[in-house]
Amino acid sequence: MNRNEFMERLEQLLGDIPLEERVEALAYYNGYFEDAGPENEARIIRELESPEAVAAIIKADIGVEEEKEYTETGYQDTRFQQKEAMESRRSEGQTGDGAEASGSGTAGTSDFHTAGSKADFSRNKADSAGSQSNGSQDPNRTLKIVLLVIAAVLTSPLWLAVLGTLAGMLLGVVGTVIGILLAFSVTVLVFYLLGFLFGGISVSIFAAGGIASGLGLLGSGLILLALALAGTVGCVWLYGKFLPWMFRGIALLCRRLFQGRRSAA
Amino acid sequence: MVFNTGAALLDAIVLAVVNKEEDGTYGYKITQDVRRAIEVSESTLYPVLRRLQKDGCLEVYDLECGGRNRRYYKITEKGSVQLNLYRTEWESYSSKISLLFSGEEII
């Protein structure tokens, strides 16, 4: 790409900015090439990276100017839009790189991006030297926080009661579950004991000659043992899976609850 | 360079460079002069110059040179005031940082 091609492409790319800006920018770069002399032409084209990159930088700066003049939303908004503008500028610059991509060239642009963003940042600050737009936000936020805290304190009887009730209910549920679990375990234990006991008694009944009652007793003893074994499996599942799951759930609930309160405050 | 040159510093450097030439100076020369102090890409300075011009810190005039008009930039009254502000700020900023780097106490 030579100088003429570069300037033509730049003119195309600047087609959508105000005429005055376009004329100024093109005159500047034309003069720049003139002053640099033909011997520096190639070097300058290389350092400028691409017409796309140059156009993006010019447009980004104009965009910022307009933002400053026409919006009244203030400081943060402008900065946000600048960020967006920068992003788009960056991507435009990168697509433009393609033809003569060079490591140092890309580093150069990103350097400019940082400088540019800080430029706009501090410029805005300087413009609002009275720092109304800059300063007004902090007191506002503090005021909001103070009001929220006051509201929280005033309504504390209500939400404390609700919170207490909820905590009580949760504790009740947990207690009930643990009680049921314990009762279940004890029942299983008792079944084991009764099963063995019945077995033992049936043996002594057999020895005494009472086959019918001995068999009956042995049968019920075996049934009890079978139930106890099934209960054991249930116990293992309950203690190993259900309890940890329940505690995790409670922990999660608490965390959510506290996080919610913190973000509300 | 390790340190980024922020916009205010870039403005200050450009103002200082233009201020050196009583009759004003032009884009290519400004870029070369600035690049003797810091690394900037060729495309960095146009927006800076344009902005300083719009802000009234620089004024421009065209002067014939070699059969064409060359655009010259000259510092304005407002630009001088701004440059002095930058100088004072830089003085205090850089001396504090230097002091910090030297390991002495900041008074």
# chains A, B, ... in the order shown; residues from 1 in each chain; ligands from 1
$ residues_around --residues "Leu49 in chain B" --least-positions-apart "3" --cutoff "8 Å" --atoms "only C-alpha atoms" --output "PyMOL selection string"
chain B and resi 14+45-46+52-53+58
$ interface_residues --of "chain B" --to "chain A" --cutoff "9 Å" --atoms "only C-alpha atoms" --output "list in words"
Asn4, Thr5, Gly6, Ala7, Ala8, Leu9, Leu10, Asp11, Tyr26, Gly27, Tyr28, Lys29, Glu39, Val40, Ser41, Glu42, Ser43, Thr44, Tyr46, Pro47, Val48, Arg50, Arg51, Arg68, Asn69, Arg70 and Arg71 of chain B
$ write_last_selection --atoms "C-alpha atoms" --output "JSON list (two decimals), in the first residue's frame"
[["chain", "number", "residue", "atom", "x", "y", "z"],
["B", 4, "ASN", "CA", 1.84, 4.16, 30.18],
["B", 5, "THR", "CA", 1.58, 7.78, 29.22],
["B", 6, "GLY", "CA", -1.83, 8.98, 30.36],
["B", 7, "ALA", "CA", -3.77, 11.54, 28.38],
["B", 8, "ALA", "CA", -3.09, 14.46, 30.68],
["B", 9, "LEU", "CA", 0.63, 13.79, 30.44],
["B", 10, "LEU", "CA", 0.38, 13.45, 26.69],
["B", 11, "ASP", "CA", -1.42, 16.80, 26.52],
["B", 26, "TYR", "CA", 3.71, 21.51, 12.53],
["B", 27, "GLY", "CA", 2.36, 18.01, 12.98],
["B", 28, "TYR", "CA", 5.27, 15.99, 11.68],
["B", 29, "LYS", "CA", 7.82, 17.95, 13.70],
["B", 39, "GLU", "CA", 7.22, 6.25, 22.53],
["B", 40, "VAL", "CA", 4.04, 7.18, 20.70],
["B", 41, "SER", "CA", 2.68, 5.79, 17.50],
["B", 42, "GLU", "CA", 2.38, 8.09, 14.50],
["B", 43, "SER", "CA", -1.39, 8.09, 14.77],
["B", 44, "THR", "CA", -1.57, 9.04, 18.44],
["B", 46, "TYR", "CA", -3.58, 13.88, 15.60],
["B", 47, "PRO", "CA", -6.54, 13.45, 17.97],
["B", 48, "VAL", "CA", -4.54, 15.09, 20.75],
["B", 50, "ARG", "CA", -7.26, 18.35, 17.32],
["B", 51, "ARG", "CA", -8.64, 18.26, 20.83],
["B", 68, "ARG", "CA", 1.76, 24.13, -0.42],
["B", 69, "ASN", "CA", 0.16, 25.21, 2.79],
["B", 70, "ARG", "CA", 1.57, 23.80, 5.94],
["B", 71, "ARG", "CA", -0.56, 23.89, 9.06]]
$ select_by_dssp --residues "range 6-91 of chain B" --states "helix (DSSP H, G or I)" --output "ChimeraX atom specification"
/B:7-20,27-37,45-54,77-91
$ residues_around --residues "Gly214 in chain A" --least-positions-apart "5" --cutoff "12 Å" --atoms "only C-alpha atoms" --output "mmCIF file with N, CA and C atoms, in the first residue's frame"
data_model
loop_
_atom_site.group_PDB
_atom_site.id
_atom_site.type_symbol
_atom_site.label_atom_id
_atom_site.label_comp_id
_atom_site.auth_asym_id
_atom_site.auth_seq_id
_atom_site.Cartn_x
_atom_site.Cartn_y
_atom_site.Cartn_z
ATOM 1 N N PHE A 198 -35.919 -64.580 69.849
ATOM 2 C CA PHE A 198 -36.911 -65.568 69.402
ATOM 3 C C PHE A 198 -36.222 -66.846 68.937
ATOM 4 N N GLY A 199 -35.138 -66.669 68.171
ATOM 5 C CA GLY A 199 -34.375 -67.839 67.699
ATOM 6 C C GLY A 199 -33.918 -68.684 68.861
ATOM 7 N N GLY A 200 -33.336 -67.985 69.873
ATOM 8 C CA GLY A 200 -32.806 -68.696 71.050
ATOM 9 C C GLY A 200 -33.916 -69.437 71.786
ATOM 10 N N ILE A 201 -35.046 -68.718 71.989
ATOM 11 C CA ILE A 201 -36.158 -69.328 72.733
ATOM 12 C C ILE A 201 -36.697 -70.527 71.975
ATOM 13 N N SER A 202 -36.806 -70.365 70.595
ATOM 14 C CA SER A 202 -37.363 -71.468 69.813
ATOM 15 C C SER A 202 -36.500 -72.719 69.954
ATOM 16 N N VAL A 203 -35.155 -72.533 70.024
ATOM 17 C CA VAL A 203 -34.253 -73.685 70.198
ATOM 18 C C VAL A 203 -34.592 -74.431 71.504
ATOM 19 N N SER A 204 -34.802 -73.640 72.570
ATOM 20 C CA SER A 204 -35.094 -74.293 73.850
ATOM 21 C C SER A 204 -36.478 -74.954 73.829
ATOM 22 N N ILE A 205 -37.429 -74.367 73.045
ATOM 23 C CA ILE A 205 -38.759 -74.981 72.926
ATOM 24 C C ILE A 205 -38.651 -76.304 72.157
ATOM 25 N N PHE A 206 -37.813 -76.264 71.043
ATOM 26 C CA PHE A 206 -37.562 -77.512 70.314
ATOM 27 C C PHE A 206 -37.044 -78.589 71.253
ATOM 28 N N ALA A 207 -36.088 -78.188 72.066
ATOM 29 C CA ALA A 207 -35.467 -79.138 72.999
ATOM 30 C C ALA A 207 -36.510 -79.708 73.946
ATOM 31 N N ALA A 208 -37.523 -78.864 74.298
ATOM 32 C CA ALA A 208 -38.557 -79.321 75.207
ATOM 33 C C ALA A 208 -39.623 -80.138 74.468
ATOM 34 N N GLY A 209 -39.562 -80.201 73.112
ATOM 35 C CA GLY A 209 -40.478 -81.046 72.346
ATOM 36 C C GLY A 209 -41.609 -80.295 71.682
ATOM 37 N N GLY A 219 -39.930 -68.857 63.030
ATOM 38 C CA GLY A 219 -40.371 -68.114 61.831
ATOM 39 C C GLY A 219 -40.456 -66.619 62.094
ATOM 40 N N SER A 220 -41.151 -66.249 63.172
ATOM 41 C CA SER A 220 -41.283 -64.816 63.451
ATOM 42 C C SER A 220 -39.920 -64.194 63.751
ATOM 43 N N GLY A 221 -39.067 -64.965 64.392
ATOM 44 C CA GLY A 221 -37.704 -64.464 64.657
ATOM 45 C C GLY A 221 -36.971 -64.167 63.362
#
$ atom_distance --atom1 "CA of Val18 in chain B" --atom2 "CA of Thr31 in chain B"
10.4 Å
$ atom_distance --atom1 "CA of Ile13 in chain B" --atom2 "CA of Val34 in chain B"
7.0 Å
$ residues_around --residues "Asn19 in chain B" --least-positions-apart "5" --cutoff "8 Å" --atoms "only C-alpha atoms" --output "ChimeraX atom specification"
/B:24,74-75,80
$ write_last_selection --atoms "C-alpha atoms" --output "PDB file, in the first residue's frame"
ATOM      1  CA  GLY B  24       4.514  27.586  16.120  1.00  0.00           C
ATOM      2  CA  LYS B  74       0.802  27.653  18.223  1.00  0.00           C
ATOM      3  CA  ILE B  75       0.125  27.755  21.915  1.00  0.00           C
ATOM      4  CA  SER B  80       0.058  28.471  28.506  1.00  0.00           C
TER       5      SER B  80
END
$ closest_residue --among "B:Glu91, B:Val17, B:Glu22, B:Gly56" --to "Arg36 in chain B" --atoms "only C-alpha atoms"
B:Val17
$ atom_distance --atom1 "CA of Asn2 in chain A" --atom2 "CA of Glu41 in chain A"
7.8 Å
$ decode --residues "range 5-49 of chain B" --atoms "N, CA and C atoms" --output "mmCIF file, in the first residue's frame"
data_model
loop_
_atom_site.group_PDB
_atom_site.id
_atom_site.type_symbol
_atom_site.label_atom_id
_atom_site.label_comp_id
_atom_site.auth_asym_id
_atom_site.auth_seq_id
_atom_site.Cartn_x
_atom_site.Cartn_y
_atom_site.Cartn_z
ATOM 1 N N THR B 5 1.729 6.335 29.173
ATOM 2 C CA THR B 5 1.583 7.785 29.219
ATOM 3 C C THR B 5 0.101 8.110 29.185
ATOM 4 N N GLY B 6 -0.419 8.625 30.278
ATOM 5 C CA GLY B 6 -1.834 8.977 30.356
ATOM 6 C C GLY B 6 -2.115 10.200 29.490
ATOM 7 N N ALA B 7 -3.387 10.470 29.294
ATOM 8 C CA ALA B 7 -3.770 11.536 28.377
ATOM 9 C C ALA B 7 -3.327 12.900 28.858
ATOM 10 N N ALA B 8 -3.466 13.154 30.157
ATOM 11 C CA ALA B 8 -3.087 14.462 30.675
ATOM 12 C C ALA B 8 -1.604 14.699 30.426
ATOM 13 N N LEU B 9 -0.809 13.663 30.653
ATOM 14 C CA LEU B 9 0.632 13.792 30.444
ATOM 15 C C LEU B 9 0.933 14.009 28.970
ATOM 16 N N LEU B 10 0.206 13.289 28.124
ATOM 17 C CA LEU B 10 0.383 13.445 26.685
ATOM 18 C C LEU B 10 0.047 14.885 26.268
ATOM 19 N N ASP B 11 -1.054 15.405 26.790
ATOM 20 C CA ASP B 11 -1.420 16.797 26.522
ATOM 21 C C ASP B 11 -0.295 17.734 26.960
ATOM 22 N N ALA B 12 0.200 17.491 28.163
ATOM 23 C CA ALA B 12 1.233 18.355 28.720
ATOM 24 C C ALA B 12 2.483 18.323 27.857
ATOM 25 N N ILE B 13 2.868 17.117 27.418
ATOM 26 C CA ILE B 13 4.074 16.980 26.600
ATOM 27 C C ILE B 13 3.906 17.716 25.274
ATOM 28 N N VAL B 14 2.739 17.537 24.653
ATOM 29 C CA VAL B 14 2.483 18.209 23.372
ATOM 30 C C VAL B 14 2.503 19.727 23.563
ATOM 31 N N LEU B 15 1.846 20.202 24.615
ATOM 32 C CA LEU B 15 1.838 21.646 24.878
ATOM 33 C C LEU B 15 3.267 22.159 25.078
ATOM 34 N N ALA B 16 4.061 21.394 25.806
ATOM 35 C CA ALA B 16 5.443 21.822 26.073
ATOM 36 C C ALA B 16 6.251 21.873 24.778
ATOM 37 N N VAL B 17 6.037 20.861 23.930
ATOM 38 C CA VAL B 17 6.761 20.814 22.657
ATOM 39 C C VAL B 17 6.372 21.998 21.773
ATOM 40 N N VAL B 18 5.058 22.275 21.696
ATOM 41 C CA VAL B 18 4.598 23.392 20.860
ATOM 42 C C VAL B 18 5.061 24.717 21.457
ATOM 43 N N ASN B 19 5.067 24.789 22.766
ATOM 44 C CA ASN B 19 5.435 26.016 23.466
ATOM 45 C C ASN B 19 6.879 26.435 23.183
ATOM 46 N N LYS B 20 7.732 25.429 22.884
ATOM 47 C CA LYS B 20 9.146 25.730 22.648
ATOM 48 C C LYS B 20 9.340 26.600 21.408
ATOM 49 N N GLU B 21 8.436 26.430 20.435
ATOM 50 C CA GLU B 21 8.569 27.167 19.170
ATOM 51 C C GLU B 21 7.681 28.405 19.218
ATOM 52 N N GLU B 22 8.332 29.538 19.233
ATOM 53 C CA GLU B 22 7.577 30.778 19.379
ATOM 54 C C GLU B 22 6.638 31.015 18.196
ATOM 55 N N ASP B 23 7.094 30.631 17.004
ATOM 56 C CA ASP B 23 6.280 30.874 15.815
ATOM 57 C C ASP B 23 5.386 29.686 15.480
ATOM 58 N N GLY B 24 5.348 28.747 16.379
ATOM 59 C CA GLY B 24 4.514 27.586 16.120
ATOM 60 C C GLY B 24 5.280 26.488 15.398
ATOM 61 N N THR B 25 4.670 25.328 15.326
ATOM 62 C CA THR B 25 5.327 24.176 14.726
ATOM 63 C C THR B 25 4.281 23.291 14.070
ATOM 64 N N TYR B 26 4.672 22.293 13.313
ATOM 65 C CA TYR B 26 3.706 21.509 12.534
ATOM 66 C C TYR B 26 3.708 20.034 12.950
ATOM 67 N N GLY B 27 2.663 19.370 12.514
ATOM 68 C CA GLY B 27 2.360 18.012 12.981
ATOM 69 C C GLY B 27 3.520 17.032 12.950
ATOM 70 N N TYR B 28 4.205 16.970 11.792
ATOM 71 C CA TYR B 28 5.275 15.987 11.684
ATOM 72 C C TYR B 28 6.393 16.283 12.684
ATOM 73 N N LYS B 29 6.736 17.573 12.801
ATOM 74 C CA LYS B 29 7.825 17.952 13.704
ATOM 75 C C LYS B 29 7.420 17.700 15.160
ATOM 76 N N ILE B 30 6.165 18.018 15.469
ATOM 77 C CA ILE B 30 5.685 17.772 16.841
ATOM 78 C C ILE B 30 5.831 16.293 17.184
ATOM 79 N N THR B 31 5.406 15.449 16.243
ATOM 80 C CA THR B 31 5.497 14.006 16.488
ATOM 81 C C THR B 31 6.946 13.586 16.732
ATOM 82 N N GLN B 32 7.848 14.085 15.874
ATOM 83 C CA GLN B 32 9.256 13.699 16.042
ATOM 84 C C GLN B 32 9.805 14.188 17.386
ATOM 85 N N ASP B 33 9.422 15.414 17.769
ATOM 86 C CA ASP B 33 9.913 15.968 19.036
ATOM 87 C C ASP B 33 9.372 15.172 20.229
ATOM 88 N N VAL B 34 8.087 14.843 20.144
ATOM 89 C CA VAL B 34 7.492 14.084 21.242
ATOM 90 C C VAL B 34 8.161 12.715 21.342
ATOM 91 N N ARG B 35 8.467 12.141 20.190
ATOM 92 C CA ARG B 35 9.051 10.790 20.181
ATOM 93 C C ARG B 35 10.485 10.771 20.680
ATOM 94 N N ARG B 36 11.075 11.931 20.801
ATOM 95 C CA ARG B 36 12.412 11.945 21.417
ATOM 96 C C ARG B 36 12.302 11.705 22.918
ATOM 97 N N ALA B 37 11.124 12.016 23.465
ATOM 98 C CA ALA B 37 10.938 11.821 24.908
ATOM 99 C C ALA B 37 10.218 10.510 25.215
ATOM 100 N N ILE B 38 9.127 10.244 24.517
ATOM 101 C CA ILE B 38 8.362 9.030 24.807
ATOM 102 C C ILE B 38 7.994 8.308 23.517
ATOM 103 N N GLU B 39 7.653 7.033 23.686
ATOM 104 C CA GLU B 39 7.224 6.247 22.531
ATOM 105 C C GLU B 39 5.747 6.510 22.273
ATOM 106 N N VAL B 40 5.452 7.081 21.115
ATOM 107 C CA VAL B 40 4.045 7.177 20.704
ATOM 108 C C VAL B 40 3.957 6.743 19.251
ATOM 109 N N SER B 41 2.829 6.185 18.899
ATOM 110 C CA SER B 41 2.677 5.786 17.505
ATOM 111 C C SER B 41 2.328 7.027 16.682
ATOM 112 N N GLU B 42 2.583 6.939 15.378
ATOM 113 C CA GLU B 42 2.384 8.094 14.504
ATOM 114 C C GLU B 42 0.946 8.592 14.547
ATOM 115 N N SER B 43 0.024 7.701 14.839
ATOM 116 C CA SER B 43 -1.387 8.090 14.769
ATOM 117 C C SER B 43 -1.927 8.616 16.099
ATOM 118 N N THR B 44 -1.085 8.648 17.110
ATOM 119 C CA THR B 44 -1.565 9.040 18.436
ATOM 120 C C THR B 44 -1.838 10.540 18.527
ATOM 121 N N LEU B 45 -0.991 11.313 17.845
ATOM 122 C CA LEU B 45 -0.998 12.743 18.146
ATOM 123 C C LEU B 45 -2.078 13.543 17.437
ATOM 124 N N TYR B 46 -2.572 13.072 16.299
ATOM 125 C CA TYR B 46 -3.575 13.877 15.602
ATOM 126 C C TYR B 46 -4.788 14.172 16.481
ATOM 127 N N PRO B 47 -5.388 13.156 17.103
ATOM 128 C CA PRO B 47 -6.541 13.445 17.966
ATOM 129 C C PRO B 47 -6.182 14.385 19.123
ATOM 130 N N VAL B 48 -4.960 14.239 19.635
ATOM 131 C CA VAL B 48 -4.541 15.093 20.748
ATOM 132 C C VAL B 48 -4.470 16.549 20.287
ATOM 133 N N LEU B 49 -3.828 16.749 19.137
ATOM 134 C CA LEU B 49 -3.699 18.113 18.606
ATOM 135 C C LEU B 49 -5.069 18.706 18.290
#
